[in-house]
>>> print(open('final-v1.cif').read())   # mmCIF, C-alpha atoms and all ligand atoms
data_start
loop_
_atom_site.label_atom_id
_atom_site.label_comp_id
_atom_site.auth_asym_id
_atom_site.auth_seq_id
_atom_site.Cartn_x
_atom_site.Cartn_y
_atom_site.Cartn_z
CA MET A 1 106.65 93.12 -35.71
CA GLN A 2 105.48 94.50 -32.37
CA ILE A 3 108.11 95.05 -29.69
CA TYR A 4 107.30 95.70 -26.06
CA ARG A 5 109.73 97.12 -23.55
CA SER A 6 108.76 96.52 -19.93
CA SER A 7 109.41 94.08 -17.10
CA LEU A 8 108.86 90.52 -18.33
CA LEU A 9 107.87 87.30 -16.55
CA ARG A 10 108.11 83.88 -18.20
CA PHE A 11 109.07 80.32 -17.29
CA ALA A 12 111.93 77.95 -18.09
CA ASP A 13 111.13 74.39 -19.19
CA ASP A 14 111.72 73.15 -15.63
CA GLY A 15 109.09 75.58 -14.28
CA GLN A 16 111.56 78.11 -12.89
CA ALA A 17 110.26 81.70 -13.09
CA LEU A 18 112.45 83.96 -15.26
CA TYR A 19 112.29 87.72 -14.83
CA ASP A 20 113.78 90.63 -16.71
CA GLU A 21 113.33 93.95 -14.95
CA ASP A 22 114.05 95.71 -18.26
CA GLY A 23 112.75 93.19 -20.75
CA LEU A 24 111.92 92.87 -24.43
CA LEU A 25 109.06 90.90 -25.94
CA ALA A 26 108.86 90.70 -29.74
CA VAL A 27 105.64 89.43 -31.32
CA ALA A 28 104.83 88.80 -34.99
CA PRO A 29 102.13 86.95 -36.95
CA ASP A 30 102.92 83.50 -38.35
CA ASP A 31 101.76 82.45 -41.82
CA ARG A 32 98.24 81.79 -40.49
CA GLY A 33 97.95 85.24 -38.92
CA GLN A 34 98.45 83.88 -35.40
CA GLN A 35 100.55 86.26 -33.30
CA ARG A 36 103.53 84.45 -31.79
CA VAL A 37 106.44 85.32 -29.57
CA VAL A 38 109.57 85.82 -31.66
CA ALA A 39 111.95 86.85 -28.88
CA ALA A 40 111.81 87.30 -25.11
CA GLY A 41 114.58 88.36 -22.75
CA SER A 42 116.57 91.32 -21.56
CA TRP A 43 116.28 94.61 -23.45
CA GLN A 44 120.06 95.02 -23.32
CA ALA A 45 120.73 91.69 -24.96
CA LEU A 46 118.02 91.80 -27.65
CA GLN A 47 117.27 95.39 -28.59
CA ALA A 48 120.03 95.81 -31.19
CA GLN A 49 118.82 92.77 -33.11
CA PHE A 50 115.08 93.47 -32.98
CA THR A 51 114.44 97.21 -32.86
CA GLY A 52 116.42 97.77 -36.07
CA GLN A 53 114.22 95.48 -38.18
CA PRO A 54 112.02 97.11 -40.83
CA GLY A 55 108.47 97.66 -39.58
CA ALA A 56 109.41 97.10 -35.93
CA GLU A 57 107.17 99.16 -33.65
CA VAL A 58 108.25 99.68 -30.05
CA THR A 59 105.75 100.11 -27.23
CA HIS A 60 107.35 101.23 -23.98
CA LEU A 61 105.40 100.31 -20.84
CA PRO A 62 107.38 101.72 -17.90
CA GLY A 63 106.46 100.33 -14.50
CA ARG A 64 104.44 97.49 -16.05
CA ILE A 65 105.03 93.71 -16.10
CA LEU A 66 104.23 91.58 -19.13
CA ALA A 67 103.33 88.02 -18.12
CA PRO A 68 101.73 84.99 -19.77
CA GLY A 69 97.92 85.02 -19.94
CA PHE A 70 96.47 82.82 -17.21
CA ILE A 71 94.92 79.41 -17.89
CA ASP A 72 91.85 78.35 -15.92
CA LEU A 73 91.87 74.55 -15.88
CA HIS A 74 88.28 74.14 -14.71
CA ILE A 75 85.39 76.59 -14.79
CA HIS A 76 81.64 76.44 -15.51
CA TYR A 77 80.49 79.32 -17.71
CA PRO A 78 76.78 78.65 -16.96
CA GLN A 79 77.52 79.08 -13.25
CA THR A 80 78.56 82.71 -13.61
CA ASP A 81 75.41 83.68 -11.68
CA VAL A 82 75.76 80.87 -9.11
CA ILE A 83 78.83 82.37 -7.36
CA GLY A 84 78.19 82.89 -3.67
CA ALA A 85 75.20 80.51 -3.33
CA PRO A 86 75.47 79.03 0.17
CA ALA A 87 74.76 75.35 0.84
CA ALA A 88 75.73 72.67 3.34
CA GLY A 89 77.95 70.98 0.75
CA LEU A 90 78.29 69.88 -2.85
CA LEU A 91 75.18 67.73 -3.33
CA PRO A 92 72.60 70.15 -1.86
CA TRP A 93 74.35 73.01 -3.68
CA LEU A 94 73.93 71.22 -7.02
CA GLU A 95 70.28 70.47 -6.36
CA LYS A 96 69.24 73.83 -4.96
CA TYR A 97 71.17 76.29 -7.15
CA THR A 98 73.23 74.74 -9.90
CA PHE A 99 70.76 72.53 -11.74
CA PRO A 100 67.98 75.17 -11.74
CA HIS A 101 70.41 77.80 -13.10
CA GLU A 102 71.76 75.47 -15.76
CA SER A 103 68.25 74.52 -16.94
CA ALA A 104 67.87 78.10 -18.30
CA PHE A 105 70.54 77.34 -20.94
CA CYS A 106 67.98 75.53 -23.09
CA GLU A 107 67.34 79.10 -24.35
CA ARG A 108 70.02 80.03 -26.84
CA ALA A 109 69.63 83.78 -26.24
CA HIS A 110 70.33 83.29 -22.53
CA ALA A 111 73.40 81.16 -23.30
CA ASP A 112 74.71 83.79 -25.74
CA SER A 113 74.35 86.60 -23.25
CA VAL A 114 75.99 84.70 -20.36
CA ALA A 115 78.80 83.56 -22.68
CA GLU A 116 79.64 87.17 -23.58
CA PHE A 117 79.61 88.29 -19.95
CA PHE A 118 81.71 85.27 -18.96
CA LEU A 119 84.37 85.98 -21.61
CA ASP A 120 84.47 89.66 -20.64
CA GLU A 121 85.07 88.59 -17.06
CA LEU A 122 87.81 86.09 -18.00
CA GLN A 123 89.61 88.74 -20.03
CA ARG A 124 89.19 91.42 -17.36
CA ASN A 125 90.91 89.00 -14.98
CA GLY A 126 93.74 88.12 -17.36
CA VAL A 127 92.55 84.61 -18.27
CA THR A 128 93.24 83.81 -21.93
CA THR A 129 92.64 80.03 -22.03
CA ALA A 130 90.02 77.99 -20.19
CA LEU A 131 88.77 74.42 -19.96
CA ALA A 132 85.11 75.12 -19.33
CA PHE A 133 81.94 73.16 -18.69
CA ALA A 134 78.90 74.20 -20.72
CA THR A 135 75.50 72.63 -19.81
CA SER A 136 73.75 69.52 -21.15
CA HIS A 137 72.14 71.66 -23.89
CA PRO A 138 74.12 71.49 -27.16
CA GLY A 139 73.27 75.14 -27.88
CA SER A 140 75.21 76.15 -24.77
CA VAL A 141 78.37 74.83 -26.45
CA ASP A 142 77.61 76.66 -29.70
CA ALA A 143 77.14 79.87 -27.70
CA LEU A 144 80.52 79.73 -25.92
CA MET A 145 82.42 78.41 -28.94
CA GLY A 146 80.98 81.09 -31.23
CA ALA A 147 81.66 83.92 -28.79
CA SER A 148 85.24 82.70 -28.12
CA GLN A 149 85.93 82.32 -31.83
CA ALA A 150 84.80 85.89 -32.50
CA ARG A 151 87.36 87.11 -29.93
CA GLY A 152 90.14 84.80 -31.16
CA MET A 153 90.31 83.20 -27.70
CA ARG A 154 91.59 79.74 -26.94
CA MET A 155 88.63 77.92 -25.41
CA ILE A 156 87.96 74.26 -24.68
CA THR A 157 84.43 73.27 -23.74
CA GLY A 158 81.87 70.52 -24.10
CA LYS A 159 78.24 69.52 -23.64
CA VAL A 160 77.64 68.06 -20.19
CA LEU A 161 76.60 64.40 -20.15
CA GLN A 162 74.11 63.62 -17.37
CA ASP A 163 71.43 61.04 -18.14
CA ARG A 164 70.42 60.07 -14.58
CA HIS A 165 70.00 61.44 -11.06
CA SER A 166 69.39 64.83 -12.60
CA PRO A 167 66.16 66.84 -12.66
CA ASP A 168 64.04 67.61 -15.73
CA GLY A 169 65.57 70.53 -17.56
CA VAL A 170 69.17 69.32 -17.35
CA ARG A 171 68.87 65.53 -17.73
CA ASP A 172 69.75 64.29 -21.22
CA GLN A 173 68.97 61.09 -23.16
CA THR A 174 71.72 58.50 -23.37
CA GLU A 175 71.82 57.87 -27.09
CA GLN A 176 71.06 61.42 -28.19
CA SER A 177 73.68 62.82 -25.78
CA LEU A 178 76.39 60.79 -27.51
CA ILE A 179 75.19 61.74 -30.98
CA ASP A 180 75.17 65.41 -29.92
CA THR A 181 78.68 65.08 -28.50
CA GLU A 182 80.04 63.68 -31.75
CA THR A 183 78.27 66.35 -33.81
CA LEU A 184 79.79 69.08 -31.62
CA ILE A 185 83.27 67.53 -31.86
CA GLN A 186 83.01 67.62 -35.62
CA ARG A 187 81.63 71.16 -35.61
CA TRP A 188 84.13 72.76 -33.28
CA HIS A 189 87.21 70.73 -32.37
CA GLY A 190 90.34 72.21 -33.95
CA VAL A 191 88.48 75.12 -35.54
CA ASP A 192 90.64 78.23 -35.09
CA ARG A 193 91.71 78.14 -31.43
CA LEU A 194 88.80 76.02 -30.17
CA GLY A 195 88.92 72.55 -28.66
CA TYR A 196 86.22 70.10 -27.59
CA ALA A 197 86.08 68.29 -24.25
CA ILE A 198 83.96 65.17 -23.69
CA THR A 199 82.22 66.18 -20.46
CA PRO A 200 80.50 63.61 -18.22
CA ARG A 201 79.35 65.77 -15.28
CA PHE A 202 80.49 63.17 -12.70
CA ALA A 203 80.01 59.44 -12.26
CA PRO A 204 76.76 59.62 -10.22
CA THR A 205 74.84 61.45 -12.96
CA SER A 206 75.75 59.15 -15.86
CA THR A 207 74.54 55.61 -16.55
CA HIS A 208 77.05 52.91 -17.38
CA GLU A 209 75.87 53.17 -21.01
CA GLN A 210 76.59 56.88 -21.17
CA LEU A 211 80.05 56.50 -19.61
CA ARG A 212 80.80 53.63 -21.99
CA GLY A 213 79.77 55.77 -24.97
CA ALA A 214 81.88 58.67 -23.70
CA GLY A 215 84.88 56.36 -23.40
CA GLU A 216 84.34 55.09 -26.95
CA LEU A 217 84.30 58.64 -28.28
CA ALA A 218 87.44 59.42 -26.24
CA ALA A 219 89.20 56.50 -27.95
CA ARG A 220 88.02 57.51 -31.43
CA TYR A 221 88.90 61.19 -31.01
CA ALA A 222 92.27 60.92 -29.26
CA ASP A 223 93.17 64.62 -29.32
CA VAL A 224 89.85 65.74 -27.90
CA TRP A 225 89.95 66.61 -24.19
CA ILE A 226 87.98 64.89 -21.39
CA GLN A 227 86.77 66.76 -18.31
CA SER A 228 84.82 65.69 -15.23
CA HIS A 229 84.80 65.87 -11.44
CA VAL A 230 86.19 63.33 -9.00
CA ALA A 231 86.53 62.80 -5.24
CA GLU A 232 85.45 66.28 -4.23
CA ASN A 233 83.16 65.55 -1.32
CA LEU A 234 82.79 62.62 1.11
CA ASP A 235 79.02 62.20 0.56
CA GLU A 236 79.69 62.09 -3.18
CA VAL A 237 82.44 59.46 -2.68
CA ARG A 238 80.03 57.26 -0.65
CA TRP A 239 77.33 57.64 -3.31
CA VAL A 240 79.71 56.51 -6.05
CA ALA A 241 80.71 53.45 -3.98
CA GLU A 242 77.00 52.47 -3.82
CA LEU A 243 76.41 53.06 -7.53
CA PHE A 244 79.59 51.34 -8.75
CA PRO A 245 80.16 48.57 -6.16
CA LYS A 246 82.66 46.71 -8.34
CA ALA A 247 84.99 49.68 -8.88
CA ARG A 248 88.20 49.79 -6.81
CA SER A 249 87.73 53.51 -6.16
CA TYR A 250 85.81 56.52 -7.42
CA LEU A 251 88.66 57.47 -9.77
CA SER A 252 88.86 53.95 -11.17
CA VAL A 253 85.24 54.20 -12.36
CA TYR A 254 86.50 56.60 -15.03
CA ASP A 255 89.45 54.37 -15.84
CA ASP A 256 87.14 51.37 -16.21
CA PHE A 257 85.25 53.27 -18.94
CA GLY A 258 88.36 54.44 -20.81
CA LEU A 259 88.11 58.01 -19.55
CA MET A 260 91.63 58.39 -18.18
CA ARG A 261 94.28 59.30 -20.69
CA GLU A 262 96.36 62.27 -21.81
CA ARG A 263 94.21 65.40 -22.14
CA ALA A 264 91.81 64.19 -19.42
CA VAL A 265 91.38 66.70 -16.59
CA TYR A 266 89.54 65.87 -13.36
CA ALA A 267 88.46 68.65 -11.05
CA HIS A 268 89.22 68.44 -7.31
CA CYS A 269 90.96 65.04 -6.73
CA ILE A 270 90.80 65.62 -2.97
CA HIS A 271 89.80 62.23 -1.54
CA LEU A 272 92.26 60.04 -3.47
CA ASP A 273 94.49 57.28 -2.14
CA ASP A 274 98.02 56.46 -3.26
CA GLU A 275 96.80 53.88 -5.76
CA ASP A 276 94.62 56.56 -7.37
CA ARG A 277 97.58 58.94 -7.48
CA ALA A 278 99.73 56.30 -9.17
CA LEU A 279 96.93 55.77 -11.70
CA MET A 280 96.77 59.53 -12.43
CA ARG A 281 100.46 59.43 -13.23
CA GLU A 282 100.30 56.21 -15.24
CA ARG A 283 97.51 57.55 -17.44
CA SER A 284 99.07 61.05 -17.80
CA THR A 285 95.78 62.43 -16.51
CA ALA A 286 95.67 65.84 -14.79
CA ALA A 287 93.94 67.30 -11.73
CA ALA A 288 92.34 70.75 -11.76
CA VAL A 289 93.00 72.08 -8.26
CA SER A 290 90.19 74.43 -7.23
CA PRO A 291 91.01 75.87 -3.81
CA THR A 292 88.45 78.70 -3.57
CA SER A 293 85.70 76.24 -4.46
CA ASN A 294 86.98 73.65 -2.00
CA LEU A 295 86.98 76.28 0.74
CA PHE A 296 83.54 77.64 -0.21
CA LEU A 297 81.82 74.25 -0.35
CA GLY A 298 83.84 72.83 2.56
CA SER A 299 85.05 69.98 0.37
CA GLY A 300 88.58 69.55 1.77
CA PHE A 301 92.15 70.18 0.64
CA PHE A 302 94.09 69.00 -2.38
CA ASP A 303 97.28 67.30 -1.19
CA PHE A 304 100.07 68.99 -3.17
CA ALA A 305 102.86 67.04 -1.45
CA ARG A 306 101.36 63.66 -2.24
CA ALA A 307 100.59 64.75 -5.79
CA ASP A 308 104.26 65.72 -6.21
CA ALA A 309 105.42 62.46 -4.64
CA ALA A 310 103.26 60.54 -7.15
CA GLN A 311 104.38 62.91 -9.94
CA PHE A 312 101.05 63.42 -11.60
CA LEU A 313 99.99 66.51 -13.54
CA TYR A 314 97.96 69.28 -11.95
CA GLY A 315 97.25 72.97 -12.26
CA LEU A 316 95.03 75.70 -10.83
CA ALA A 317 91.39 76.41 -11.54
CA SER A 318 88.68 78.75 -10.30
CA ASP A 319 85.76 76.28 -10.53
CA VAL A 320 83.35 79.21 -10.75
CA GLY A 321 80.48 79.01 -9.60
CA GLY A 322 81.58 76.74 -6.72
CA GLY A 323 84.67 78.92 -6.77
CA MET A 324 84.61 82.36 -5.22
CA SER A 325 86.36 84.44 -7.88
CA PHE A 326 87.35 84.66 -11.54
CA SER A 327 90.67 86.17 -10.47
CA PRO A 328 93.76 83.95 -10.78
CA PHE A 329 95.25 86.00 -7.94
CA ARG A 330 92.46 84.93 -5.60
CA THR A 331 92.94 81.31 -6.71
CA MET A 332 96.73 81.42 -6.16
CA GLN A 333 96.18 83.05 -2.78
CA ALA A 334 93.76 80.28 -1.73
CA ALA A 335 96.16 77.61 -3.06
CA TYR A 336 98.91 79.03 -0.87
CA VAL A 337 96.70 78.83 2.21
CA ALA A 338 95.25 75.41 1.32
CA GLY A 339 98.75 74.13 0.52
CA ARG A 340 99.53 74.29 4.23
CA GLU A 341 96.96 71.60 4.91
CA GLY A 342 98.16 68.42 3.07
CA GLN A 343 100.29 65.88 4.80
CA THR A 344 103.62 67.60 5.02
CA LYS A 345 102.86 70.69 7.08
CA GLN A 346 106.49 71.71 6.86
CA GLY A 347 105.69 75.31 7.67
CA LEU A 348 105.97 77.13 4.37
CA SER A 349 103.50 76.33 1.61
CA LEU A 350 104.03 76.58 -2.15
CA SER A 351 106.46 79.14 -3.56
CA PRO A 352 105.01 82.16 -5.40
CA GLY A 353 106.81 81.20 -8.62
CA ASN A 354 105.35 77.71 -8.46
CA LEU A 355 101.82 79.01 -7.78
CA TRP A 356 102.08 81.33 -10.79
CA TRP A 357 103.45 78.48 -12.94
CA GLN A 358 100.53 76.24 -11.92
CA HIS A 359 98.13 78.84 -13.37
CA THR A 360 100.12 79.40 -16.61
CA ALA A 361 102.84 77.13 -18.04
CA GLY A 362 102.04 74.28 -15.62
CA ALA A 363 98.36 74.40 -16.55
CA ALA A 364 99.36 74.38 -20.24
CA ARG A 365 101.43 71.25 -19.63
CA ALA A 366 98.44 69.62 -17.89
CA LEU A 367 96.35 70.35 -21.02
CA GLY A 368 99.01 68.97 -23.37
CA LEU A 369 99.60 72.53 -24.66
CA ALA A 370 103.12 73.18 -23.32
CA GLY A 371 105.04 75.53 -25.59
CA GLN A 372 101.81 76.80 -27.14
CA VAL A 373 100.13 78.79 -24.37
CA GLY A 374 100.84 79.73 -20.75
CA ASN A 375 104.33 81.04 -21.44
CA LEU A 376 106.16 83.78 -23.32
CA GLN A 377 109.04 81.82 -24.76
CA PRO A 378 109.78 82.07 -28.50
CA GLY A 379 107.21 80.09 -30.50
CA CYS A 380 104.38 80.48 -27.96
CA GLU A 381 101.09 82.01 -29.03
CA ALA A 382 101.22 85.61 -27.85
CA ASP A 383 98.51 85.61 -25.17
CA PHE A 384 99.67 87.94 -22.42
CA VAL A 385 98.67 90.35 -19.70
CA VAL A 386 99.94 93.81 -18.87
CA ILE A 387 100.15 94.02 -15.09
CA ASN A 388 100.27 97.29 -13.18
CA PRO A 389 101.91 96.35 -9.86
CA ALA A 390 101.11 99.81 -8.47
CA CYS A 391 97.35 99.55 -9.07
CA THR A 392 96.41 100.16 -5.43
CA PRO A 393 98.20 102.21 -2.76
CA LEU A 394 99.09 99.11 -0.76
CA LEU A 395 100.29 97.15 -3.79
CA GLU A 396 102.34 100.15 -4.93
CA ARG A 397 103.95 100.29 -1.48
CA LYS A 398 104.56 96.55 -1.13
CA THR A 399 105.81 95.87 -4.67
CA ARG A 400 108.16 98.89 -4.50
CA GLN A 401 109.79 97.37 -1.41
CA ALA A 402 110.22 93.90 -2.95
CA GLU A 403 113.88 92.84 -2.88
CA SER A 404 113.50 89.62 -4.84
CA LEU A 405 111.26 88.09 -7.49
CA ASP A 406 109.63 85.93 -4.81
CA GLU A 407 108.74 89.02 -2.78
CA LEU A 408 107.32 90.79 -5.84
CA LEU A 409 105.19 87.81 -6.92
CA PHE A 410 104.07 87.15 -3.36
CA ALA A 411 102.86 90.72 -2.87
CA MET A 412 100.70 90.40 -6.00
CA ILE A 413 99.39 86.91 -5.10
CA ILE A 414 98.40 87.90 -1.58
CA LEU A 415 97.06 91.41 -2.28
CA GLY A 416 96.01 91.16 -5.92
CA ASP A 417 92.81 90.85 -7.89
CA ASP A 418 91.39 92.08 -11.22
CA ARG A 419 92.79 95.58 -10.58
CA LEU A 420 96.30 94.28 -11.33
CA ILE A 421 95.30 93.44 -14.92
CA GLU A 422 95.63 96.61 -16.97
CA ARG A 423 95.21 94.88 -20.32
CA THR A 424 94.73 91.36 -21.69
CA VAL A 425 96.03 90.63 -25.18
CA VAL A 426 94.92 87.52 -27.07
CA SER A 427 97.16 86.26 -29.79
CA GLN A 428 94.76 86.02 -32.70
CA ALA A 429 93.62 89.59 -33.20
CA LYS A 430 90.29 89.58 -35.04
N1 LIG A 501 80.24 67.81 -9.29
C1 LIG A 501 79.30 67.59 -10.24
N2 LIG A 501 78.88 68.75 -10.77
C2 LIG A 501 79.57 69.73 -10.17
C3 LIG A 501 79.60 71.15 -10.30
O1 LIG A 501 78.89 71.75 -11.11
N3 LIG A 501 80.45 71.81 -9.49
C4 LIG A 501 81.28 71.18 -8.62
N4 LIG A 501 82.10 71.90 -7.87
N5 LIG A 501 81.28 69.86 -8.47
C5 LIG A 501 80.44 69.14 -9.23
ZN ZN A 502 83.39 72.05 -11.36
#
>>> encode(input="final-v1.cif", output="structure tokens")
Amino acid sequence: MQIYRSSLLRFADDGQALYDEDGLLAVAPDDRGQQRVVAAGSWQALQAQFTGQPGAEVTHLPGRILAPGFIDLHIHYPQTDVIGAPAAGLLPWLEKYTFPHESAFCERAHADSVAEFFLDELQRNGVTTALAFATSHPGSVDALMGASQARGMRMITGKVLQDRHSPDGVRDQTEQSLIDTETLIQRWHGVDRLGYAITPRFAPTSTHEQLRGAGELAARYADVWIQSHVAENLDEVRWVAELFPKARSYLSVYDDFGLMRERAVYAHCIHLDDEDRALMRERSTAAAVSPTSNLFLGSGFFDFARADAAQFLYGLASDVGGGMSFSPFRTMQAAYVAGREGQTKQGLSLSPGNLWWQHTAGAARALGLAGQVGNLQPGCEADFVVINPACTPLLERKTRQAESLDELLFAMIILGDDRLIERTVVSQAK
């Protein structure tokens, strides 16, 4: 058993942040070799019971905070090199930068090398679980799955489906794309810590036949994830209305094809109406809120207040390469700023504890993985980060002055980046 003594951040079932200044985290392998949290709480209360056990090893990390590994609910690994590509908006950005970059993933060696860099960058930033787009090339999925498996990382990804309105090099063939998807589900879903996501890029780039086939697979493989984009940009919304004139709304296109259910995650969800929000809740479908991407591409603002009023699931995401950073701190910071925009404008935005929850335990709940990842309660897989709150002179100064947990978390959210992450530990040591 491995025991850590340091400050400890975790979350109660209701999302409340729990903090022990002098905390204890005990971790031990289960019968499959998966490291899990055995105990978490105050050092005072737990040390007598756990430090005395045979084989218990204590690691003391003074001045450090142990916290759940972050979960990125929506990211594109093949867009690692697209970050910072300027365009007037989503559609020209896709055409000018994204599709040409993604076409290079027909080469397996390129996919392998980007996958390794991408995973290094996730881990350097404290991200231990991601729901990631690959490209339309099946080998791009094999590359990310294989590299994640070798590191023991929890990764969910899928081959992009896009059989129309896409240039040569990324466009796939309807029937073959569905055969490839099923082959990849059978190859990877549920293997070690890997999961498959059926991945139509977005409604405009799939034919009705492809969406129908995706929905059929989603019904046959009920514990496989679904990921796509919806209602990100007004030109995109208008285009969908032309292509699917019978649909009530953009979101309902996905519902009409059986693509809204538990474990479905839609990036952006900006230009929704209240009927869409009620449908999100009814179908237990989640939104991946991507504030740095929405700011970069000028897409708009996710309405947190209306999402809460409708009570649908959501969590935070970087959306790299539309997004500006791999760092969950930069995403939480942007979410705080963007959270001022919605309808309420009550002055204050989201609380720091809630922002952090949205990128950890809340994101796990959105994925249907509550109690497994995104938290450090007993039974959770032991994915965690070691944070050094004194990693820069200003952070050292600000965090030292914090008089409450809110002040401490806020200082890190507003001033933090990858420098805060001293170490990232994934639960299945290989
Ligand atoms: N909509 C369809 N494809 C994409 C993509 O790659 N990035 C973003 N942000 N939106 C999309
Ligand atoms: Zn995206």
>>> residues_around(input="final-v1.cif", residues="segment 312-321 of chain A", least_positions_apart="3", cutoff="8 Å", atoms="all atoms listed in the file", output="ChimeraX atom specification")
/A:71-77,79-84,277-278,280-281,284-293,307-308,324-328,331-332,358-359,362-363,365-366
>>> closest_residue(input="final-v1.cif", among="A:Leu272, A:Ala132, A:Val224, A:Met412", to="ligand ZN 502 (chain A)", atoms="all atoms listed in the file")
A:Ala132
>>> closest_residue(input="final-v1.cif", among="A:Asp172, A:Glu182, A:Glu102, A:Glu232", to="ligand ZN 502 (chain A)", atoms="only C-alpha atoms and all ligand atoms")
A:Glu232
>>> closest_residue(input="final-v1.cif", among="A:Ala87, A:Ala364, A:Leu9, A:Cys106", to="Phe384 of chain A", atoms="all atoms listed in the file")
A:Leu9
>>> atom_distance(input="final-v1.cif", atom1="atom CA of Val38 of chain A", atom2="atom CA of Trp356 of chain A")
22.6 Å
>>> atom_distance(input="final-v1.cif", atom1="atom CA of Asp223 of chain A", atom2="atom CA of Thr157 of chain A")
13.5 Å
>>> atom_distance(input="final-v1.cif", atom1="atom CA of Ile198 of chain A", atom2="atom CA of Gly158 of chain A")
5.8 Å
>>> residues_near_ligand(input="final-v1.cif", ligand="ligand LIG 501 (chain A)", cutoff="6 Å", atoms="all atoms listed in the file", output="VMD selection string")
chain A and resid 201 to 202 229 322
>>> closest_residue(input="final-v1.cif", among="A:Gln227, A:Ser136, A:Asn125, A:Thr181", to="ligand ZN 502 (chain A)", atoms="all atoms listed in the file")
A:Gln227
>>> closest_residue(input="final-v1.cif", among="A:Ala264, A:Ala310, A:Ala150, A:Ala305", to="Asp276 of chain A", atoms="only C-alpha atoms")
A:Ala310
>>> closest_residue(input="final-v1.cif", among="A:Met1, A:Ala40, A:Ala45, A:Val170", to="Gly379 of chain A", atoms="all atoms listed in the file")
A:Ala40
>>> residues_around(input="final-v1.cif", residues="Ser228 of chain A", least_positions_apart="4", cutoff="7 Å", atoms="only C-alpha atoms", output="list in words")
Thr199, Pro200, Arg201, Phe202, Val265, Tyr266 and Ala267 of chain A
>>> residues_around(input="final-v1.cif", residues="Arg171 of chain A", least_positions_apart="4", cutoff="9 Å", atoms="only C-alpha atoms", output="list in words")
Ser136, Leu161, Gln162, Asp163, Arg164, His165, Ser166, Pro167 and Thr205 of chain A
>>> residues_around(input="final-v1.cif", residues="Ala12 of chain A", least_positions_apart="5", cutoff="10 Å", atoms="only C-alpha atoms", output="number ranges by chain")
A: 17-18, 357, 361, 375-377
